[in-house]
Each structure stands twice: as structure tokens, then as C-alpha cells.
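Student: One structure, as C-alpha cells, below. Some questions next.
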Amino acid sequence: AAAGRPVDEEVSSDSEPESPSLGRRRQREAAEEEVEETPQEKKLRLAKLYLEQLRQYEEERAEEEEDTPLTDLIGDRLKEDVLEQKGRLQRLVAKDVQPPDPASIRVLRGHQLPVTCLVISPDDKFIFSASKDGSLIKCKWEVESGKRLCVVPGGKKGTEERHLGHASQVLCMAISSDGKYLATGDRNKLIMIWEAATCRRLHIFTGHRDAVSGLSFQKGTHQLYSASHDRCVKVWNVAQNAYVETLFGHQDVITGLDSLSRECCVTSGGRDGTVRLWKIPEESQLVFCGHQGSIDCIQLINEEHMVSGADDGSVALWGLTKKKPLALVREAHGMQDNQGLQQPYWISAVAALRSSDLLATGSHSASVKLWKCSEGFRKLEPLWDISLVGFVNSLKFSSAGDFLVAGIGQEHRLGRWWRIKEAKNSICIIPLKRRAAPPSSEAPNSS
């Protein structure tokens with residue numbers, strides 16, 4: 001504070017004296033002290049709370065769909081939730097997606113340097129983005145108006161002690177499933193925790209020994225996973241402002257990370273050629289091999305399947321029970337002529353509409369591609385190309401699947417191998433319209 005640094009809490013993983021298991025046990029004990037109830041009472045309370053939230057949500061839907069009884073809507077939703085938890089839910093939406101109209105794509109400007117990462121708030125109302133300029137037009141873009149509601153400018157190198165935001169390139173970000181916390185990670189080894197509603201910085205997490213390249217909150221919790229070029233994964237409890245544990249395994253820099261509801265996460269390991277599934281409670285990992293180049297991006301589709309992309313131009317579909325890809329598309333974005341040499345376009349971003357058969361991939365091939373996963377995740381079929389000039393450094397579907405957001409830069413998020421001068425450092429919002437469902441062929445009930 002004397003040096004002018006904003007007063008908030010700094011947590012270091014280096015100073016954690018206790019074992020991971022002891023740290024987790026203390027977290028559980030602290031949580032149990034807050035609510036004095038038996039495990040059975042807690043389960044019952046949470047189940048009642050969930051059913052009440054579900055009833056309110058489906059009541060709103062029932063008003064729009066007057067012909068469908070509320071009990072049917074709730075029952076269908078519960079069945080979907082069970083399948084989703086087991087990783088077996090696959091909503092078949094890709095066949096109905098129509099080619100986006102180029103004129104309908106909205107471009108939001110504000111970052112001075114390439115956009116490196118973005119997230120969409122759980123309610124689909126806001127987009128947060130970050131850049132190589134260190135800024136977070138944090139970015140609370142309001143989706144309806146495109147208005148910038150909050151900007152945290154980036155600082156220059158050497159101003160870390162007195163600057164509110166990042167003073168180096170921001171490489172990754174994540175938002176908690178309740179929309180409360182936003183986490184950002186930079187090339188200067190720092191993780192910053194923000195209050196998403198106000199863009200107020202709450203904590204700084206330190207301990208990584210190289211650039212922080214991946215962040216993800218476990219769905220339904222405030223447990224945060226972070227990955228770094230130092231080749232390790234760290235676990236944090238944001239609500240308790242606490243470090244939990246560190247996991248090792250990758251032989252090269254980690255380039256991406258994702259997680260869902262289970263207490264595990266997946267990572268892409270750059271040039272070590274592996275994708276890994278980390279089981280946090282067991283402190284164990286599963287290793288998957290299939291790409292031939294540097295694996296630069298990864299995302300879970302559901303609890304049992306994931307998609308990854310590499311600089312050899314390939315896109316891979318994985319099942320968590322198989323060590324090799326279920327499907328692999330080589331040269332997914334075609335070939336480029338680089339100083340007389342033919343090379344595949346690097347896959348720089350992948351996205352999945354959760355628990356569906358719709359995927360998106362990005363490169364610097366002047367287009368974003370939409371893909372359909374065939375049933376059983378055994379095949380990837382190309383759907384549409386969406387023209388976008390520049391490096392596609394980040395892709396995210398909205399929760400409802402009605403729009404796709406791309407973070408565009410003149411350079412790749414991890415380096416400066418090429419520069420596309422005609423590209424605009426920007427956020428592109430791509431509306432996704434679906435064909436109307438055909439009317440039911442069933443005869444009306446005569447009784």
C-alpha cells in the first residue's frame with residue numbers, strides 16, 4: 001500500500017506449508033462449520049433448492065409453450081441433467097444451423113493489440129476479453145448494444161507494483177458458473193481474480209514460474225484450475241482465497257486447459273504431443289496421444305468427450321476412455337504457402353457448444369469453420385465457413401447456442417510468427433440461426 005499498489009490480497013502457492021489432502025480437508029471442515037447439518041440434510045437442502053430453481057425456470061418456459069405441462073418440462077430437464085452428468089447427452093443441433101449472414105456479424109473494437117482470450121457470462125449478456133496490450137475491456141461488452149461497460153487498461157512493464165491491471169500480455173481467462181468471479185492470467189506469471197459485476201480486483205495468485213496459459217473454474221464451484229508454461233497445473237479455492245495443490249506431468253509448456261462439473265480438468269501439452277486428463281482427488285492423470293505437432297488448444301464437449309487442435313493443422317475428437325482420437329481431421333483449414341513451402345494452417349482455437357454435436361475451429365486461414373460431430377463422436381463433418389480475417393485466438397459459444405464469439409488478432413496469441421496487417425484486433429459476434437422445426441406429423445388426439 002505504501003508503494004501505491006491497490007490493497008488486495010496476494011496468495012502464493014510457494015508459501016503453502018500443508019499437504020494437498022490436508023488443505024482439502026480443512027476446506028471441507030470450514031464449509032461444514034458454516035452450516036451445521038448432516039450430509040443427508042445437506043443433500044436434501046441442495047436438492048430442494050435445485051428443484052425450486054428448476055421449477056421457476058420451467059414456469060417461465062411454460063408461459064411461452066402453453067401446450068406443454070410444467071411437470072413434463074421439469075421431468076425432461078431432470079433426464080437431460082442426469083445424461084449430462086454422465087457425459088452421454090448429445091443435443092443434435094448442428095443439422096439445423098444455417099450459414100451465418102456476413103452482414104449480421106458485429107465487430108467490436110477497443111483493444112490496441114491482438115485479442116488473446118475471451119469468455120461469455122453465464123447469462124449470455126456480457127463478453128469479457130483481454131489482449132496482448134494487457135487490457136481487459138474486461139471487457140464487459142454488453143452483447144445487445146456492443147457498449148463497453150468497463151475497461152481496465154494494461155500497464156507498462158515495471159509498473160506492476162502500482163498498476164491495478166496486468167502489466168504484460170494476458171493469455172487466458174475464466175468466469176465462474178455463477179458469474180461471480182473472473183480470473184485472468186498473464187505472461188508475467190500472475191493470476192488476478194476480479195469481481196465480474198464491478199471489475200474490481202480482489203486477489204492476486206502467485207506461484208507459477210512462467211506464463212499462465214490456461215484457466216478454468218470447476219462448474220458449480222469456485223475451485224479454479226490454472227496451467228502454465230512451467231508445465232504444471234495448480235488448484236486454487238477462489239472463495240476462500242487459498243492455494244490447494246500443484247500437479248506435474250507435462251514435458252513441454254501447457255497451452256490450454258478446460259474443465260466441467262467433475263473434479264478434474266484437461267490440458268493440451270504443446271510439443272510434448274499429449275493431451276492429459278487430471279483427476280484432482282486421486283492426484284493422477286491419463287495421457288492421450290494423436291496429434292503430430294504442437295497441441296495448442298482444447299475444450300471439453302461434455303464430461304466424456306473433448307476436442308483439440310494443433311499446429312500440424314489437425315483437429316481431434318477424443319473419448320476419455322480411449323487413448324487415441326475417436327476422429328482426426330488433418331489439414332482441417334487447408335494448406336498455406338509459406339515462402340515456397342506448403343504447410344497446414346495452424347489450429348489456434350476450438351470451441352464446443354456444451355453437450356451438443358456442434359463445434360467450431362479457428363486458424364489464420366481467413367475463416368472460422370463450423371463442424372458436426374456424428375453420433376457417437378466417431379466422425380467430424382464440415383458444415384459452414386465463416387469469413388474472418390486474422391488469427392482466431394479464442395472462440396466461445398453462448399450457453400444457448402444462438403451466437404458464437406471470436407477473438408481476432410493480427411498475431412497468434414502465443415507468439416509473433418506471422419503478422420496479418422489487414423486484420424483488425426477485435427471481437428466478432430456471429431449470430432447462429434437455426435431452421436425452424438417441422439410441424440409434428442402426429443394426428444390430433446380425438447378423445
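Identifiers in this document derive from the order of the C-alpha cells: chains are assigned A, B, ..., residues are numbered from 1 separately in each chain, and ligands are numbered from 1 in order of occurrence.
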Give me, as number ranges by chain, all polymer residues having an atom no more than 9 Å from stretch 167-174 of chain A, counting only C-alpha atoms and skipping those fewer than 3 positions away in the same chain.

Tutor: A: 115-119, 128-136, 154-160, 163-164, 181-188, 211-217, 224, 256, 413-414

Student: Env of stretch 379-395 of chain A: 8 Å cut, atoms = only C-alpha atoms, seq-sep filter 5 positions within chain, self excluded. Answer as a PDB file with N, CA and C atoms, in the first residue's frame.

Tutor:
```
ATOM      1  N   PRO A  99     -26.193 -21.169 -42.517  1.00  0.00           N
ATOM      2  CA  PRO A  99     -24.985 -20.383 -42.770  1.00  0.00           C
ATOM      3  C   PRO A  99     -25.186 -18.938 -42.295  1.00  0.00           C
ATOM      4  N   PRO A 100     -24.276 -18.426 -41.469  1.00  0.00           N
ATOM      5  CA  PRO A 100     -24.449 -17.055 -40.981  1.00  0.00           C
ATOM      6  C   PRO A 100     -24.340 -16.031 -42.109  1.00  0.00           C
ATOM      7  N   PRO A 102     -22.923 -12.808 -43.538  1.00  0.00           N
ATOM      8  CA  PRO A 102     -21.759 -11.969 -43.202  1.00  0.00           C
ATOM      9  C   PRO A 102     -22.140 -10.573 -42.711  1.00  0.00           C
ATOM     10  N   VAL A 115      -6.325  -9.582 -29.681  1.00  0.00           N
ATOM     11  CA  VAL A 115      -7.167 -10.196 -28.650  1.00  0.00           C
ATOM     12  C   VAL A 115      -6.671 -11.630 -28.454  1.00  0.00           C
ATOM     13  N   THR A 116      -6.444 -12.015 -27.213  1.00  0.00           N
ATOM     14  CA  THR A 116      -5.874 -13.340 -26.922  1.00  0.00           C
ATOM     15  C   THR A 116      -6.891 -14.305 -26.314  1.00  0.00           C
ATOM     16  N   CYS A 117      -7.885 -13.781 -25.595  1.00  0.00           N
ATOM     17  CA  CYS A 117      -8.824 -14.670 -24.897  1.00  0.00           C
ATOM     18  C   CYS A 117     -10.119 -13.931 -24.612  1.00  0.00           C
ATOM     19  N   LEU A 118     -11.190 -14.698 -24.415  1.00  0.00           N
ATOM     20  CA  LEU A 118     -12.477 -14.102 -24.056  1.00  0.00           C
ATOM     21  C   LEU A 118     -13.340 -15.149 -23.366  1.00  0.00           C
ATOM     22  N   LEU A 317     -11.070 -35.444 -32.113  1.00  0.00           N
ATOM     23  CA  LEU A 317     -12.160 -35.734 -31.175  1.00  0.00           C
ATOM     24  C   LEU A 317     -11.704 -36.879 -30.274  1.00  0.00           C
ATOM     25  N   LEU A 326     -10.935 -40.525 -31.335  1.00  0.00           N
ATOM     26  CA  LEU A 326     -12.077 -41.207 -31.969  1.00  0.00           C
ATOM     27  C   LEU A 326     -12.205 -40.768 -33.418  1.00  0.00           C
ATOM     28  N   ALA A 327     -11.812 -39.514 -33.684  1.00  0.00           N
ATOM     29  CA  ALA A 327     -11.835 -38.978 -35.050  1.00  0.00           C
ATOM     30  C   ALA A 327     -10.719 -37.962 -35.178  1.00  0.00           C
ATOM     31  N   LEU A 328     -10.086 -37.898 -36.338  1.00  0.00           N
ATOM     32  CA  LEU A 328      -8.991 -36.955 -36.575  1.00  0.00           C
ATOM     33  C   LEU A 328      -9.121 -36.401 -37.985  1.00  0.00           C
ATOM     34  N   VAL A 329      -9.202 -35.068 -38.104  1.00  0.00           N
ATOM     35  CA  VAL A 329      -9.251 -34.413 -39.416  1.00  0.00           C
ATOM     36  C   VAL A 329      -7.926 -33.695 -39.624  1.00  0.00           C
ATOM     37  N   SER A 348      -5.683 -22.633 -34.093  1.00  0.00           N
ATOM     38  CA  SER A 348      -5.351 -21.759 -32.964  1.00  0.00           C
ATOM     39  C   SER A 348      -6.459 -21.674 -31.920  1.00  0.00           C
ATOM     40  N   ALA A 349      -7.668 -22.156 -32.250  1.00  0.00           N
ATOM     41  CA  ALA A 349      -8.775 -22.109 -31.279  1.00  0.00           C
ATOM     42  C   ALA A 349      -9.801 -23.181 -31.621  1.00  0.00           C
ATOM     43  N   VAL A 350     -10.384 -23.782 -30.594  1.00  0.00           N
ATOM     44  CA  VAL A 350     -11.507 -24.718 -30.756  1.00  0.00           C
ATOM     45  C   VAL A 350     -12.596 -24.333 -29.759  1.00  0.00           C
ATOM     46  N   ALA A 351     -13.835 -24.633 -30.114  1.00  0.00           N
ATOM     47  CA  ALA A 351     -14.958 -24.371 -29.213  1.00  0.00           C
ATOM     48  C   ALA A 351     -16.014 -25.442 -29.419  1.00  0.00           C
ATOM     49  N   ALA A 360     -16.676 -25.567 -33.349  1.00  0.00           N
ATOM     50  CA  ALA A 360     -16.096 -24.513 -34.185  1.00  0.00           C
ATOM     51  C   ALA A 360     -14.588 -24.549 -34.043  1.00  0.00           C
ATOM     52  N   THR A 361     -13.877 -24.252 -35.132  1.00  0.00           N
ATOM     53  CA  THR A 361     -12.422 -24.176 -35.083  1.00  0.00           C
ATOM     54  C   THR A 361     -11.963 -22.893 -35.757  1.00  0.00           C
ATOM     55  N   GLY A 362     -10.812 -22.392 -35.293  1.00  0.00           N
ATOM     56  CA  GLY A 362     -10.269 -21.161 -35.847  1.00  0.00           C
ATOM     57  C   GLY A 362      -8.799 -21.305 -36.184  1.00  0.00           C
ATOM     58  N   SER A 363      -8.353 -20.519 -37.190  1.00  0.00           N
ATOM     59  CA  SER A 363      -6.969 -20.516 -37.615  1.00  0.00           C
ATOM     60  C   SER A 363      -6.656 -19.101 -38.107  1.00  0.00           C
ATOM     61  N   HIS A 364      -5.669 -18.951 -39.021  1.00  0.00           N
ATOM     62  CA  HIS A 364      -5.477 -17.661 -39.682  1.00  0.00           C
ATOM     63  C   HIS A 364      -5.722 -17.835 -41.182  1.00  0.00           C
ATOM     64  N   SER A 365      -6.636 -18.766 -41.481  1.00  0.00           N
ATOM     65  CA  SER A 365      -6.962 -19.109 -42.869  1.00  0.00           C
ATOM     66  C   SER A 365      -8.074 -18.247 -43.446  1.00  0.00           C
ATOM     67  N   ALA A 366      -8.400 -17.142 -42.765  1.00  0.00           N
ATOM     68  CA  ALA A 366      -9.462 -16.208 -43.179  1.00  0.00           C
ATOM     69  C   ALA A 366     -10.854 -16.773 -42.984  1.00  0.00           C
ATOM     70  N   SER A 367     -10.982 -17.810 -42.135  1.00  0.00           N
ATOM     71  CA  SER A 367     -12.329 -18.309 -41.850  1.00  0.00           C
ATOM     72  C   SER A 367     -12.385 -19.055 -40.524  1.00  0.00           C
ATOM     73  N   VAL A 368     -13.570 -19.026 -39.922  1.00  0.00           N
ATOM     74  CA  VAL A 368     -13.911 -19.913 -38.800  1.00  0.00           C
ATOM     75  C   VAL A 368     -14.757 -21.024 -39.392  1.00  0.00           C
ATOM     76  N   LYS A 369     -14.512 -22.252 -38.982  1.00  0.00           N
ATOM     77  CA  LYS A 369     -15.265 -23.379 -39.530  1.00  0.00           C
ATOM     78  C   LYS A 369     -16.199 -23.959 -38.470  1.00  0.00           C
ATOM     79  N   LEU A 370     -17.431 -24.277 -38.872  1.00  0.00           N
ATOM     80  CA  LEU A 370     -18.373 -24.992 -38.020  1.00  0.00           C
ATOM     81  C   LEU A 370     -18.384 -26.453 -38.450  1.00  0.00           C
ATOM     82  N   TRP A 371     -18.479 -27.354 -37.444  1.00  0.00           N
ATOM     83  CA  TRP A 371     -18.418 -28.789 -37.685  1.00  0.00           C
ATOM     84  C   TRP A 371     -19.566 -29.490 -36.968  1.00  0.00           C
ATOM     85  N   LYS A 372     -19.957 -30.628 -37.548  1.00  0.00           N
ATOM     86  CA  LYS A 372     -20.942 -31.503 -36.908  1.00  0.00           C
ATOM     87  C   LYS A 372     -20.237 -32.782 -36.455  1.00  0.00           C
ATOM     88  N   CYS A 373     -20.433 -33.153 -35.158  1.00  0.00           N
ATOM     89  CA  CYS A 373     -19.957 -34.452 -34.657  1.00  0.00           C
ATOM     90  C   CYS A 373     -21.027 -35.486 -34.961  1.00  0.00           C
ATOM     91  N   SER A 374     -20.673 -36.509 -35.714  1.00  0.00           N
ATOM     92  CA  SER A 374     -21.667 -37.543 -35.963  1.00  0.00           C
ATOM     93  C   SER A 374     -21.935 -38.300 -34.672  1.00  0.00           C
ATOM     94  N   LEU A 404     -21.896 -17.128 -31.634  1.00  0.00           N
ATOM     95  CA  LEU A 404     -20.515 -17.564 -31.450  1.00  0.00           C
ATOM     96  C   LEU A 404     -19.653 -16.305 -31.409  1.00  0.00           C
ATOM     97  N   VAL A 405     -18.698 -16.252 -30.470  1.00  0.00           N
ATOM     98  CA  VAL A 405     -17.831 -15.079 -30.349  1.00  0.00           C
ATOM     99  C   VAL A 405     -16.396 -15.478 -30.671  1.00  0.00           C
ATOM    100  N   ALA A 406     -15.744 -14.667 -31.511  1.00  0.00           N
ATOM    101  CA  ALA A 406     -14.353 -14.925 -31.892  1.00  0.00           C
ATOM    102  C   ALA A 406     -13.482 -13.753 -31.475  1.00  0.00           C
ATOM    103  N   GLY A 407     -12.323 -14.056 -30.888  1.00  0.00           N
ATOM    104  CA  GLY A 407     -11.323 -13.048 -30.562  1.00  0.00           C
ATOM    105  C   GLY A 407     -10.277 -13.036 -31.662  1.00  0.00           C
ATOM    106  N   ILE A 408     -10.141 -11.909 -32.362  1.00  0.00           N
ATOM    107  CA  ILE A 408      -9.297 -11.817 -33.554  1.00  0.00           C
ATOM    108  C   ILE A 408      -8.066 -10.958 -33.272  1.00  0.00           C
ATOM    109  N   GLY A 409      -6.926 -11.366 -33.828  1.00  0.00           N
ATOM    110  CA  GLY A 409      -5.702 -10.586 -33.688  1.00  0.00           C
ATOM    111  C   GLY A 409      -4.879 -10.608 -34.957  1.00  0.00           C
ATOM    112  N   GLN A 410      -3.981  -9.649 -35.078  1.00  0.00           N
ATOM    113  CA  GLN A 410      -3.044  -9.644 -36.205  1.00  0.00           C
ATOM    114  C   GLN A 410      -1.955 -10.694 -36.018  1.00  0.00           C
ATOM    115  N   GLU A 411      -1.808 -11.189 -34.762  1.00  0.00           N
ATOM    116  CA  GLU A 411      -0.790 -12.186 -34.440  1.00  0.00           C
ATOM    117  C   GLU A 411      -1.411 -13.331 -33.650  1.00  0.00           C
ATOM    118  N   HIS A 412      -0.739 -14.485 -33.647  1.00  0.00           N
ATOM    119  CA  HIS A 412      -1.103 -15.632 -32.813  1.00  0.00           C
ATOM    120  C   HIS A 412      -0.966 -15.238 -31.349  1.00  0.00           C
ATOM    121  N   ARG A 413      -1.837 -15.764 -30.494  1.00  0.00           N
ATOM    122  CA  ARG A 413      -1.839 -15.347 -29.087  1.00  0.00           C
ATOM    123  C   ARG A 413      -0.553 -15.712 -28.358  1.00  0.00           C
ATOM    124  N   ILE A 420      -0.634 -10.439 -39.737  1.00  0.00           N
ATOM    125  CA  ILE A 420      -1.589 -10.183 -40.822  1.00  0.00           C
ATOM    126  C   ILE A 420      -2.031  -8.721 -40.705  1.00  0.00           C
ATOM    127  N   GLU A 422      -3.757  -6.676 -42.540  1.00  0.00           N
ATOM    128  CA  GLU A 422      -5.131  -6.254 -42.868  1.00  0.00           C
ATOM    129  C   GLU A 422      -6.155  -6.673 -41.807  1.00  0.00           C
ATOM    130  N   ALA A 423      -5.739  -7.493 -40.839  1.00  0.00           N
ATOM    131  CA  ALA A 423      -6.655  -7.939 -39.778  1.00  0.00           C
ATOM    132  C   ALA A 423      -6.901  -6.815 -38.773  1.00  0.00           C
ATOM    133  N   LYS A 424      -8.050  -6.840 -38.140  1.00  0.00           N
ATOM    134  CA  LYS A 424      -8.400  -5.867 -37.091  1.00  0.00           C
ATOM    135  C   LYS A 424      -8.418  -6.586 -35.741  1.00  0.00           C
TER     136      LYS A 424
END
```

Student: Rank nothing, just name the residue among A:Gly146, A:Gly179, A:Gly309, A:Gly401 nearest to A:Glu195, using only C-alpha atoms.

Tutor: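 Nearest candidate to A:Glu195 out of A:Gly146, A:Gly179, A:Gly309, A:Gly401: A:Gly179.
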
Student: Which residues are close to A:Ile204, i.e. within 12 Å by only C-alpha atoms, leaving aside same-chain residues fewer than 3 positions away? Reply as a ChimeraX atom specification.

Tutor: /A:5-13,160-161,164-166,182-186,189-194,201,207-208,236,238,241-243

Student: Just to confirm, what's the straight-line distance from atom CA of A:Asp14 to atom CA of A:Thr206 in Å (one decimal)?

Tutor: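 Value for the atom CA of A:Asp14-atom CA of A:Thr206 distance: 7.9 Å.
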
Student: Measure the distance from atom CA of A:Tyr50 to atom CA of A:Asp178 in Å and round it to one decimal.

Tutor: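 If I compute the distance from atom CA of A:Tyr50 to atom CA of A:Asp178, I get 13.7 Å.
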
Student: Any chance you could list, as a VMD selection string, the residues in stretch 199-428 of chain A that come up strand (DSSP E) when DSSP is run on the backbone?

Tutor: chain A and resid 200 to 206 212 to 217 223 to 228 232 to 237 242 to 248 256 to 258 264 to 268 274 to 279 284 to 289 295 to 300 305 to 310 315 to 319 327 to 329 335 to 338 341 to 344 349 to 352 358 to 362 367 to 373 380 to 387 391 to 397 403 to 409 426 to 428

Student: Just give me the gap between atom CA of A:Leu432 and atom CA of A:Gln299 in Å, one decimal is fine.

Tutor: 19.9 Å

Student: Skipping near chain neighbours, those fewer than 3 positions away, what residues fall within 9 Å of A:Asp252 using only C-alpha atoms, listed as a PyMOL selection string?

Tutor: chain A and resi 229-231+269-273

Student: From the set A:Ile175, A:Ile298, A:Ile280, A:Val97, which residue has the shortest atom-to-atom contact distance to A:Phe126, counting only C-alpha atoms?

Tutor: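 Of A:Ile175, A:Ile298, A:Ile280, A:Val97, the one nearest A:Phe126 is A:Ile175, counting only C-alpha atoms.
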